[in-house]
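Colleague: Structure: model-v5.csv, CSV, C-alpha atoms.
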```csv
chain,number,residue,atom,x,y,z
A,1,MET,CA,79.6,42.2,85.5
A,2,LYS,CA,80.3,44.3,88.6
A,3,ARG,CA,84.0,44.1,87.9
A,4,LYS,CA,83.5,45.4,84.3
A,5,PHE,CA,81.4,48.2,85.7
A,6,ILE,CA,84.2,49.3,88.1
A,7,ILE,CA,86.8,49.1,85.4
A,8,GLY,CA,84.7,51.1,83.0
A,9,ALA,CA,84.0,53.8,85.6
A,10,ALA,CA,87.7,54.0,86.4
A,11,LEU,CA,88.7,54.3,82.8
A,12,ALA,CA,86.1,57.0,82.1
A,13,ALA,CA,87.3,59.0,85.1
A,14,ILE,CA,91.0,58.7,84.1
A,15,PHE,CA,90.2,59.7,80.5
A,16,THR,CA,88.3,62.8,81.7
A,17,LEU,CA,90.9,64.0,84.2
A,18,ALA,CA,93.8,63.3,81.8
A,19,SER,CA,92.0,65.3,79.1
A,20,MET,CA,91.4,68.4,81.3
A,21,ARG,CA,93.6,71.4,80.3
A,22,PHE,CA,94.4,74.2,82.6
A,23,ALA,CA,94.9,77.9,81.7
A,24,SER,CA,97.3,80.1,83.7
A,25,ALA,CA,96.8,83.7,84.6
A,26,GLU,CA,100.1,85.5,85.3
A,27,THR,CA,100.3,87.6,88.4
A,28,ILE,CA,103.1,89.9,89.3
A,29,THR,CA,103.4,91.9,92.5
A,30,THR,CA,105.7,94.9,92.5
A,31,SER,CA,105.7,97.6,95.2
A,32,SER,CA,102.2,98.9,95.7
A,33,TYR,CA,100.6,97.1,92.7
A,34,LEU,CA,99.5,93.7,91.6
A,35,PHE,CA,99.6,93.1,87.8
A,36,GLN,CA,97.3,90.3,86.6
A,37,SER,CA,97.0,89.2,83.0
A,38,LEU,CA,93.5,88.8,81.6
A,39,ASP,CA,94.2,86.2,78.9
A,40,ALA,CA,93.2,83.2,80.9
A,41,LEU,CA,90.7,84.5,83.5
A,42,ALA,CA,87.0,84.0,83.7
A,43,LEU,CA,85.6,87.6,83.8
A,44,ASN,CA,82.1,88.2,84.9
A,45,GLY,CA,81.3,91.9,84.6
A,46,THR,CA,78.9,93.3,87.1
A,47,GLY,CA,79.0,96.9,85.8
A,48,LEU,CA,76.8,98.6,83.2
A,49,GLY,CA,79.7,99.0,80.8
A,50,ASN,CA,78.2,102.1,79.3
A,51,TYR,CA,81.6,103.7,79.1
A,52,ASN,CA,85.1,103.5,80.4
A,53,VAL,CA,87.2,106.3,82.0
A,54,ILE,CA,90.3,106.6,79.8
A,55,LEU,CA,93.4,107.9,81.6
A,56,PHE,CA,96.0,107.7,78.8
A,57,GLU,CA,95.7,106.9,75.1
A,58,ASN,CA,96.7,108.1,71.6
A,59,ALA,CA,93.8,110.0,70.1
A,60,VAL,CA,94.1,113.1,67.8
A,61,GLY,CA,91.8,115.8,68.9
A,62,GLY,CA,91.3,114.7,72.5
A,63,SER,CA,89.0,112.3,74.2
A,64,GLY,CA,86.1,113.0,76.6
A,65,ASN,CA,85.1,110.8,79.6
A,66,SER,CA,81.4,111.6,79.8
A,67,GLY,CA,78.6,109.1,79.9
A,68,GLY,CA,75.0,109.7,81.1
A,69,THR,CA,75.0,112.2,83.9
A,70,VAL,CA,78.6,111.6,84.8
A,71,ASN,CA,81.4,113.7,83.3
A,72,VAL,CA,84.9,112.7,84.4
A,73,ASP,CA,87.9,114.8,83.4
A,74,ASN,CA,89.2,114.1,79.8
A,75,SER,CA,92.0,111.8,79.0
A,76,ASN,CA,95.7,112.5,78.3
A,77,THR,CA,96.1,111.6,74.6
A,78,LEU,CA,99.9,111.8,74.4
A,79,LEU,CA,100.7,108.1,74.5
A,80,PRO,CA,102.7,107.6,71.3
A,81,THR,CA,102.2,105.5,68.3
A,82,GLY,CA,104.0,105.0,65.0
A,83,GLY,CA,107.4,103.9,66.2
A,84,THR,CA,108.1,106.3,69.1
A,85,SER,CA,109.8,104.1,71.7
A,86,THR,CA,109.0,106.1,74.9
A,87,SER,CA,106.1,108.1,76.2
A,88,GLN,CA,108.1,110.4,78.4
A,89,SER,CA,106.4,111.2,81.7
A,90,LEU,CA,102.7,111.8,81.4
A,91,PHE,CA,100.1,112.9,83.9
A,92,TRP,CA,96.3,112.6,84.3
A,93,MET,CA,94.3,114.4,87.1
A,94,THR,CA,90.8,114.0,88.3
A,95,SER,CA,88.7,114.5,91.5
A,96,VAL,CA,87.7,111.9,93.9
A,97,ALA,CA,84.1,113.1,93.5
A,98,ASP,CA,84.2,112.3,89.7
A,99,LEU,CA,85.6,108.8,90.2
A,100,GLN,CA,83.0,108.1,93.0
A,101,ALA,CA,80.2,109.3,90.7
A,102,PHE,CA,81.5,107.1,87.9
A,103,TYR,CA,81.7,104.0,90.1
A,104,LEU,CA,78.2,104.6,91.6
A,105,GLN,CA,76.6,105.0,88.2
A,106,GLN,CA,78.3,101.9,86.7
A,107,PHE,CA,78.3,99.5,89.7
A,108,GLY,CA,76.0,100.9,92.4
A,109,SER,CA,76.6,101.6,96.0
A,110,GLY,CA,78.8,99.5,98.3
A,111,THR,CA,80.4,97.4,95.5
A,112,ILE,CA,83.8,99.1,94.8
A,113,ASN,CA,86.7,99.1,97.2
A,114,ASN,CA,89.7,99.0,94.8
A,115,ILE,CA,90.7,101.2,91.9
A,116,VAL,CA,91.7,98.8,89.1
A,117,LEU,CA,93.5,100.0,86.0
A,118,PHE,CA,93.2,98.2,82.7
A,119,LEU,CA,96.0,98.2,80.1
A,120,ASP,CA,95.4,97.4,76.5
A,121,LEU,CA,98.6,96.7,74.6
A,122,ASN,CA,98.2,97.4,70.9
A,123,GLU,CA,101.7,96.5,69.6
A,124,THR,CA,101.7,95.2,66.0
A,125,GLY,CA,102.8,91.7,65.2
A,126,GLN,CA,102.2,88.5,67.0
A,127,ALA,CA,101.0,88.1,70.6
A,128,GLY,CA,103.9,88.1,73.1
A,129,GLU,CA,105.4,91.5,72.3
A,130,THR,CA,106.2,93.5,75.4
A,131,VAL,CA,106.2,97.1,76.6
A,132,THR,CA,107.9,98.4,79.8
A,133,ILE,CA,106.3,100.5,82.5
A,134,THR,CA,109.1,102.6,84.0
A,135,ALA,CA,106.9,104.8,86.3
A,136,LEU,CA,103.4,104.5,87.7
A,137,ASN,CA,102.7,106.8,90.6
A,138,ILE,CA,99.5,108.1,92.2
A,139,TYR,CA,99.3,111.2,94.3
A,140,LYS,CA,96.7,112.8,96.4
A,141,ASN,CA,96.1,116.6,96.3
A,142,ALA,CA,99.2,117.4,94.1
A,143,THR,CA,99.9,120.9,93.1
A,144,THR,CA,100.6,120.6,89.4
A,145,THR,CA,103.2,122.6,87.5
A,146,PRO,CA,103.4,124.8,85.6
A,147,LEU,CA,101.4,127.2,87.8
A,148,PRO,CA,98.6,128.2,88.0
A,149,SER,CA,97.8,124.7,89.2
A,150,LEU,CA,94.9,122.8,87.6
A,151,ASP,CA,91.7,122.2,89.6
A,152,PRO,CA,89.5,119.3,88.5
A,153,THR,CA,86.9,119.6,91.3
A,154,GLY,CA,83.4,120.7,90.9
A,155,SER,CA,82.3,121.7,87.4
A,156,ASN,CA,85.9,122.3,86.3
A,157,ASP,CA,86.1,119.6,83.6
A,158,LEU,CA,89.8,119.3,82.6
A,159,THR,CA,90.3,119.0,78.9
A,160,SER,CA,92.9,116.8,77.2
A,161,ALA,CA,95.0,119.9,76.4
A,162,ALA,CA,95.0,120.8,80.1
A,163,GLN,CA,96.0,117.2,81.1
A,164,GLN,CA,98.9,117.3,78.6
A,165,SER,CA,100.1,120.7,79.9
A,166,ILE,CA,101.1,119.1,83.2
A,167,THR,CA,104.9,118.6,83.4
A,168,GLY,CA,105.2,117.8,87.1
A,169,PHE,CA,104.1,118.9,90.6
A,170,SER,CA,105.5,120.7,93.6
A,171,SER,CA,103.7,118.9,96.4
A,172,GLY,CA,101.4,116.0,97.0
A,173,THR,CA,100.9,112.8,99.0
A,174,LEU,CA,102.2,109.6,97.4
A,175,LEU,CA,99.5,106.9,97.6
A,176,ALA,CA,101.1,104.2,95.3
A,177,GLN,CA,104.2,103.9,93.3
A,178,LEU,CA,106.0,101.4,91.1
A,179,SER,CA,109.2,99.9,92.6
A,180,THR,CA,112.5,101.1,91.4
A,181,ALA,CA,112.6,98.1,88.9
A,182,SER,CA,110.7,98.7,85.7
A,183,GLN,CA,107.9,96.2,84.9
A,184,SER,CA,107.8,94.5,81.5
A,185,LEU,CA,104.3,93.4,80.4
A,186,SER,CA,103.7,91.1,77.4
A,187,GLN,CA,100.8,91.4,75.0
A,188,LYS,CA,98.3,88.7,75.6
A,189,SER,CA,95.7,89.4,72.9
A,190,THR,CA,96.4,91.1,69.6
A,191,GLY,CA,94.1,93.8,68.4
A,192,GLN,CA,92.5,96.9,69.9
A,193,GLY,CA,89.7,96.9,72.4
A,194,VAL,CA,90.8,93.8,74.4
A,195,ASP,CA,92.5,94.5,77.7
A,196,ASP,CA,95.7,92.5,78.4
A,197,TRP,CA,96.4,93.4,82.0
A,198,SER,CA,94.6,94.5,85.1
A,199,ILE,CA,96.6,96.6,87.6
A,200,PHE,CA,95.3,96.5,91.2
A,201,THR,CA,96.2,99.8,92.9
A,202,PHE,CA,94.7,98.8,96.3
A,203,ILE,CA,93.3,102.3,96.7
A,204,ASP,CA,89.7,102.4,97.9
A,205,PRO,CA,88.0,105.4,96.2
A,206,PHE,CA,85.3,105.4,99.0
A,207,ASP,CA,87.8,105.3,101.9
A,208,PRO,CA,86.6,107.9,104.5
A,209,SER,CA,90.1,109.5,104.4
A,210,LEU,CA,89.5,110.4,100.7
A,211,LEU,CA,87.2,113.4,100.5
A,212,PRO,CA,85.1,114.2,97.3
A,213,THR,CA,87.0,117.5,97.1
A,214,ASP,CA,90.4,115.7,97.0
A,215,THR,CA,92.2,115.2,93.8
A,216,LEU,CA,94.2,112.2,92.4
A,217,LEU,CA,97.1,112.7,90.0
A,218,PHE,CA,98.3,109.6,88.0
A,219,ASN,CA,101.8,109.6,86.5
A,220,ILE,CA,102.9,107.0,84.0
A,221,MET,CA,106.0,106.5,81.8
A,222,MET,CA,106.3,103.7,79.2
A,223,SER,CA,109.1,102.5,77.0
A,224,ASP,CA,109.9,99.7,74.5
A,225,LEU,CA,106.9,100.9,72.4
A,226,ALA,CA,106.8,100.1,68.7
A,227,SER,CA,103.8,100.8,66.5
A,228,GLY,CA,101.1,100.5,69.1
A,229,GLY,CA,98.9,102.9,70.8
A,230,GLU,CA,98.4,101.7,74.2
A,231,LEU,CA,95.4,102.5,76.3
A,232,LEU,CA,95.1,102.7,80.1
A,233,SER,CA,91.6,103.0,81.5
A,234,ILE,CA,89.2,102.2,84.3
A,235,SER,CA,86.5,99.8,83.2
A,236,GLY,CA,82.8,100.5,83.5
A,237,ALA,CA,82.1,96.8,83.2
A,238,PHE,CA,84.7,95.0,85.3
A,239,SER,CA,85.8,95.7,88.9
A,240,ALA,CA,88.2,94.0,91.2
A,241,CYS,CA,85.4,91.6,92.3
A,242,ASP,CA,84.9,90.4,88.7
A,243,ILE,CA,88.5,89.2,88.2
A,244,SER,CA,88.9,85.7,89.3
A,245,PRO,CA,90.9,84.4,91.2
A,246,GLN,CA,91.9,87.8,92.6
A,247,GLY,CA,88.5,88.9,93.9
A,248,CYS,CA,87.6,92.1,95.5
A,249,GLY,CA,90.7,92.6,97.6
A,250,THR,CA,90.7,93.9,101.2
A,251,THR,CA,92.1,96.9,103.1
A,252,SER,CA,94.4,96.7,106.1
A,253,GLY,CA,96.5,99.1,108.1
A,254,THR,CA,96.0,102.6,109.4
A,255,THR,CA,97.5,106.0,108.4
A,256,THR,CA,98.7,108.6,110.8
A,257,GLY,CA,99.7,111.5,108.7
A,258,GLY,CA,101.7,111.2,105.5
A,259,THR,CA,101.0,108.5,102.9
A,260,THR,CA,100.3,104.8,103.1
A,261,THR,CA,101.3,102.3,100.5
A,262,SER,CA,100.8,98.6,100.9
A,263,ASP,CA,102.7,95.5,100.1
A,264,PRO,CA,100.1,93.2,98.6
A,265,THR,CA,102.2,90.2,99.6
A,266,THR,CA,102.7,90.8,103.3
A,267,GLY,CA,100.1,93.4,104.1
A,268,GLY,CA,102.8,95.7,105.5
A,269,THR,CA,102.3,99.4,104.9
A,270,THR,CA,104.9,102.2,104.6
A,271,SER,CA,104.0,105.8,105.2
A,272,PRO,CA,106.5,108.3,103.8
A,273,THR,CA,105.9,112.0,104.2
A,274,THR,CA,106.3,113.4,100.7
A,275,SER,CA,107.1,116.9,99.8
A,276,GLY,CA,109.0,116.8,96.6
A,277,THR,CA,109.0,117.2,92.8
A,278,THR,CA,108.8,114.9,89.9
A,279,ASP,CA,111.3,114.8,87.1
A,280,PRO,CA,109.2,115.2,84.0
A,281,THR,CA,111.6,113.1,81.9
A,282,SER,CA,112.3,110.2,84.2
A,283,GLY,CA,109.0,110.0,86.1
A,284,THR,CA,110.8,109.7,89.4
A,285,THR,CA,110.0,111.6,92.5
A,286,THR,CA,112.3,113.1,95.1
A,287,ASN,CA,110.7,112.8,98.5
A,288,ASP,CA,111.3,113.7,102.1
A,289,PRO,CA,113.3,110.9,103.6
A,290,THR,CA,111.1,110.7,106.8
A,291,THR,CA,109.4,107.4,106.8
A,292,THR,CA,107.1,105.7,109.2
A,293,THR,CA,106.4,102.0,108.8
A,294,THR,CA,103.3,100.1,110.1
A,295,THR,CA,102.3,96.5,109.7
A,296,GLY,CA,98.9,95.3,108.7
A,297,THR,CA,97.4,91.8,108.1
A,298,ALA,CA,96.6,91.1,104.4
A,299,SER,CA,94.0,88.4,105.1
A,300,THR,CA,91.7,90.0,107.7
A,301,GLY,CA,89.2,91.2,105.1
A,302,THR,CA,88.5,94.3,107.3
A,303,SER,CA,88.5,97.8,105.9
A,304,THR,CA,90.1,100.3,108.2
A,305,SER,CA,91.1,104.0,107.9
A,306,GLY,CA,94.1,103.6,105.6
A,307,ILE,CA,94.1,105.0,102.1
A,308,SER,CA,95.8,102.1,100.6
A,309,THR,CA,94.8,98.5,100.8
A,310,ALA,CA,96.6,95.2,101.0
A,311,GLY,CA,95.8,92.2,98.8
A,312,SER,CA,94.2,89.2,100.4
A,313,THR,CA,95.8,86.5,98.3
A,314,GLY,CA,99.4,86.9,99.5
A,315,GLU,CA,100.7,86.0,96.0
A,316,THR,CA,104.3,86.7,95.1
A,317,SER,CA,106.1,87.7,91.9
A,318,ALA,CA,105.3,85.5,88.9
A,319,THR,CA,102.8,83.5,90.8
A,320,THR,CA,100.3,81.7,88.6
A,321,ARG,CA,96.8,80.3,89.3
A,322,ASP,CA,95.4,77.4,87.2
A,323,ILE,CA,91.7,77.3,86.2
A,324,PRO,CA,90.0,74.8,83.9
A,325,GLU,CA,89.3,75.9,80.3
A,326,PRO,CA,85.7,75.6,79.1
A,327,ALA,CA,86.7,72.7,76.9
A,328,SER,CA,87.6,70.8,80.1
A,329,PHE,CA,84.0,70.8,81.2
A,330,LEU,CA,82.9,69.5,77.8
A,331,LEU,CA,85.3,66.6,78.2
A,332,LEU,CA,84.0,66.0,81.7
A,333,GLY,CA,80.5,65.8,80.4
A,334,ALA,CA,81.6,63.3,77.8
A,335,GLY,CA,83.1,61.2,80.5
A,336,LEU,CA,79.9,61.2,82.5
A,337,VAL,CA,77.9,60.1,79.4
A,338,ALA,CA,80.3,57.2,78.9
A,339,LEU,CA,79.9,56.3,82.6
A,340,SER,CA,76.1,56.3,82.3
A,341,ARG,CA,76.2,54.0,79.3
A,342,VAL,CA,78.3,51.5,81.2
A,343,SER,CA,75.9,51.7,84.1
A,344,ARG,CA,72.9,51.1,81.7
A,345,ARG,CA,74.6,48.1,80.2
A,346,LYS,CA,75.1,46.7,83.7
A,347,GLN,CA,71.4,47.1,84.4
A,348,ASP,CA,70.4,45.4,81.1
```
Kindly transcribe the structure held in the file into structure tokens.
Modeller:
Amino acid sequence: MKRKFIIGAALAAIFTLASMRFASAETITTSSYLFQSLDALALNGTGLGNYNVILFENAVGGSGNSGGTVNVDNSNTLLPTGGTSTSQSLFWMTSVADLQAFYLQQFGSGTINNIVLFLDLNETGQAGETVTITALNIYKNATTTPLPSLDPTGSNDLTSAAQQSITGFSSGTLLAQLSTASQSLSQKSTGQGVDDWSIFTFIDPFDPSLLPTDTLLFNIMMSDLASGGELLSISGAFSACDISPQGCGTTSGTTTGGTTTSDPTTGGTTSPTTSGTTDPTSGTTTNDPTTTTTTGTASTGTSTSGISTAGSTGETSATTRDIPEPASFLLLGAGLVALSRVSRRKQD
């Protein structure tokens, strides 16, 4: 009887483990960013989710970014749809104060240390279609062109028309940039309103070196578009801490003048002094070649004075993490029930 019980328990365990399926979340590190797909992740939103801050979208007539007592600058609505293959170089500007107010309202104090962008791919057809991001740059205190330069601080709420009037900038500090290689992202879920990718910028909006009166200028250029309109936003429901297995992320490294960008794989930071202009058609920036390099530790979990942050996972390009699907736990429960029946028979 004891032998039958052991055999039955072993068979139940083997059946349960063999039946467990694992889902993979695709992660890609490139220059300052970490791209993580959302198709196979367990998301647990800790924000209110009352509204999202939309940076870029296709929306005739403009789109506001107000909710409750917070009014963030309006979105740039020039992302194309209807067969246009490239977005050209588009810009969106806001103040640090506006982003901080949004994060405080949606998530509370002391919970956000990483600006995460969420990309919703709306290409028509089956899942698996791709779009290409050819430029993704973030600048601090950029002087936008054409002059007079736009000012989103205080009560100056930039309209969609104002955002769309930006063709470049004449100065500014580069906080994060896409590497010279374009990044191709596949559509994970068909339909509008479901984000396909999260983009970790590793910029802490509450870093002491970022003042409420500072401004942030986001620059994006996309190609290989078909019939979609894509949407890039900051979520009011999900933060870096809600995306498993990435987690909250950490900061590491210090800045001494100029700009800091971090390699989320190594924790190393590079500080170029930028004083250049952006080509409005290519989305590329010509910078001062003076560069200072410092080294940080990506796994310390300690926030220091740098603007940028380094990822704590040390994952490299095309790294995947496996997590059990919900059905796996149902199968595990069935195995435990079978095991209890064997035990009961033994007692009888």
Colleague: Check the smallest atom-to-atom distance from each of A:Asp98, A:Glu26, A:Asp224, A:Glu57 to Ser184 in chain A using only C-alpha atoms, then report the winner.
Modeller: A:Asp224
Colleague: Could you state the separation of CA of Asn58 in chain A and CA of Ala97 in chain A in Å, given to one decimal place?
Modeller: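 CA of Ala97 in chain A lies at a distance of 25.8 Å from CA of Asn58 in chain A.
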Colleague: Can you find the residues with an atom no farther than 6 Å from (106.4, 100.1, 66.7), counting all atoms listed in the file, and report them as a PDB file with C-alpha atoms, keeping the file's coordinate frame?
Modeller:
```pdb
ATOM      1  CA  GLY A  82     104.000 105.000  65.000  1.00  0.00           C
ATOM      2  CA  GLY A  83     107.400 103.900  66.200  1.00  0.00           C
ATOM      3  CA  LEU A 225     106.900 100.900  72.400  1.00  0.00           C
ATOM      4  CA  ALA A 226     106.800 100.100  68.700  1.00  0.00           C
ATOM      5  CA  SER A 227     103.800 100.800  66.500  1.00  0.00           C
ATOM      6  CA  GLY A 228     101.100 100.500  69.100  1.00  0.00           C
TER       7      GLY A 228
END
```
Colleague: Can you tell me how far CA of Ser209 in chain A sits from CA of Ser165 in chain A, in Å to one decimal?
Modeller: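 Straight-line distance from CA of Ser209 in chain A to CA of Ser165 in chain A works out to 28.7 Å.
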Colleague: Please check which residues have atoms at most 8 Å from (95.5, 110.9, 79.2) in the file's coordinates, counting all atoms listed in the file, and write them as a PDB file with C-alpha atoms, keeping the file's coordinate frame.
Modeller:
```pdb
ATOM      1  CA  ILE A  54      90.300 106.600  79.800  1.00  0.00           C
ATOM      2  CA  LEU A  55      93.400 107.900  81.600  1.00  0.00           C
ATOM      3  CA  PHE A  56      96.000 107.700  78.800  1.00  0.00           C
ATOM      4  CA  GLU A  57      95.700 106.900  75.100  1.00  0.00           C
ATOM      5  CA  ASN A  74      89.200 114.100  79.800  1.00  0.00           C
ATOM      6  CA  SER A  75      92.000 111.800  79.000  1.00  0.00           C
ATOM      7  CA  ASN A  76      95.700 112.500  78.300  1.00  0.00           C
ATOM      8  CA  THR A  77      96.100 111.600  74.600  1.00  0.00           C
ATOM      9  CA  LEU A  78      99.900 111.800  74.400  1.00  0.00           C
ATOM     10  CA  LEU A  79     100.700 108.100  74.500  1.00  0.00           C
ATOM     11  CA  LEU A  90     102.700 111.800  81.400  1.00  0.00           C
ATOM     12  CA  PHE A  91     100.100 112.900  83.900  1.00  0.00           C
ATOM     13  CA  TRP A  92      96.300 112.600  84.300  1.00  0.00           C
ATOM     14  CA  SER A 160      92.900 116.800  77.200  1.00  0.00           C
ATOM     15  CA  GLN A 163      96.000 117.200  81.100  1.00  0.00           C
ATOM     16  CA  GLN A 164      98.900 117.300  78.600  1.00  0.00           C
TER      17      GLN A 164
END
```
Colleague: From the set A:Ile203, A:Ile138, A:Leu231, A:Ile243, which residue has the shortest atom-to-atom contact distance to Asn52 in chain A, counting all atoms listed in the file?
Modeller: A:Leu231
Colleague: What is the CA of Ser186 in chain A to CA of Thr201 in chain A distance in Å?
Modeller: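 Computing it gives 19.3 Å between the two atoms.
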Colleague: Determine the nearest neighbour of Asn137 in chain A from the options A:Ser189, A:Thr173, A:Thr215, A:Ser87, counting only C-alpha atoms.
Modeller: A:Thr173
Colleague: Of the candidates A:Thr134, A:Ser239, A:Ser95, A:Gln105, which one gets nearest to Ser179 in chain A if we count only C-alpha atoms?
Modeller: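 Ranked by minimum distance to Ser179 in chain A, first place goes to A:Thr134.
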Colleague: Could you tell me which of A:Ser63, A:Thr190, A:Asn71, A:Gln106 comes closest to Gly236 in chain A if we count all atoms listed in the file?
Modeller: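 Of the candidates, the smallest distance to Gly236 in chain A is held by A:Gln106.
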Colleague: Let me make sure I understand: among A:Gln177, A:Thr130, A:Asn219, A:Gln183, which one has the smallest atom-to-atom distance to Phe35 in chain A if we use all atoms listed in the file?
Modeller: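 Under the stated criterion, the closest residue is A:Gln183.
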Colleague: Near Phe206 in chain A, within 8 Å and counting only C-alpha atoms, which residues show up once chain neighbours fewer than 6 positions away are dropped, as a ChimeraX atom specification?
Modeller: /A:100,112-113
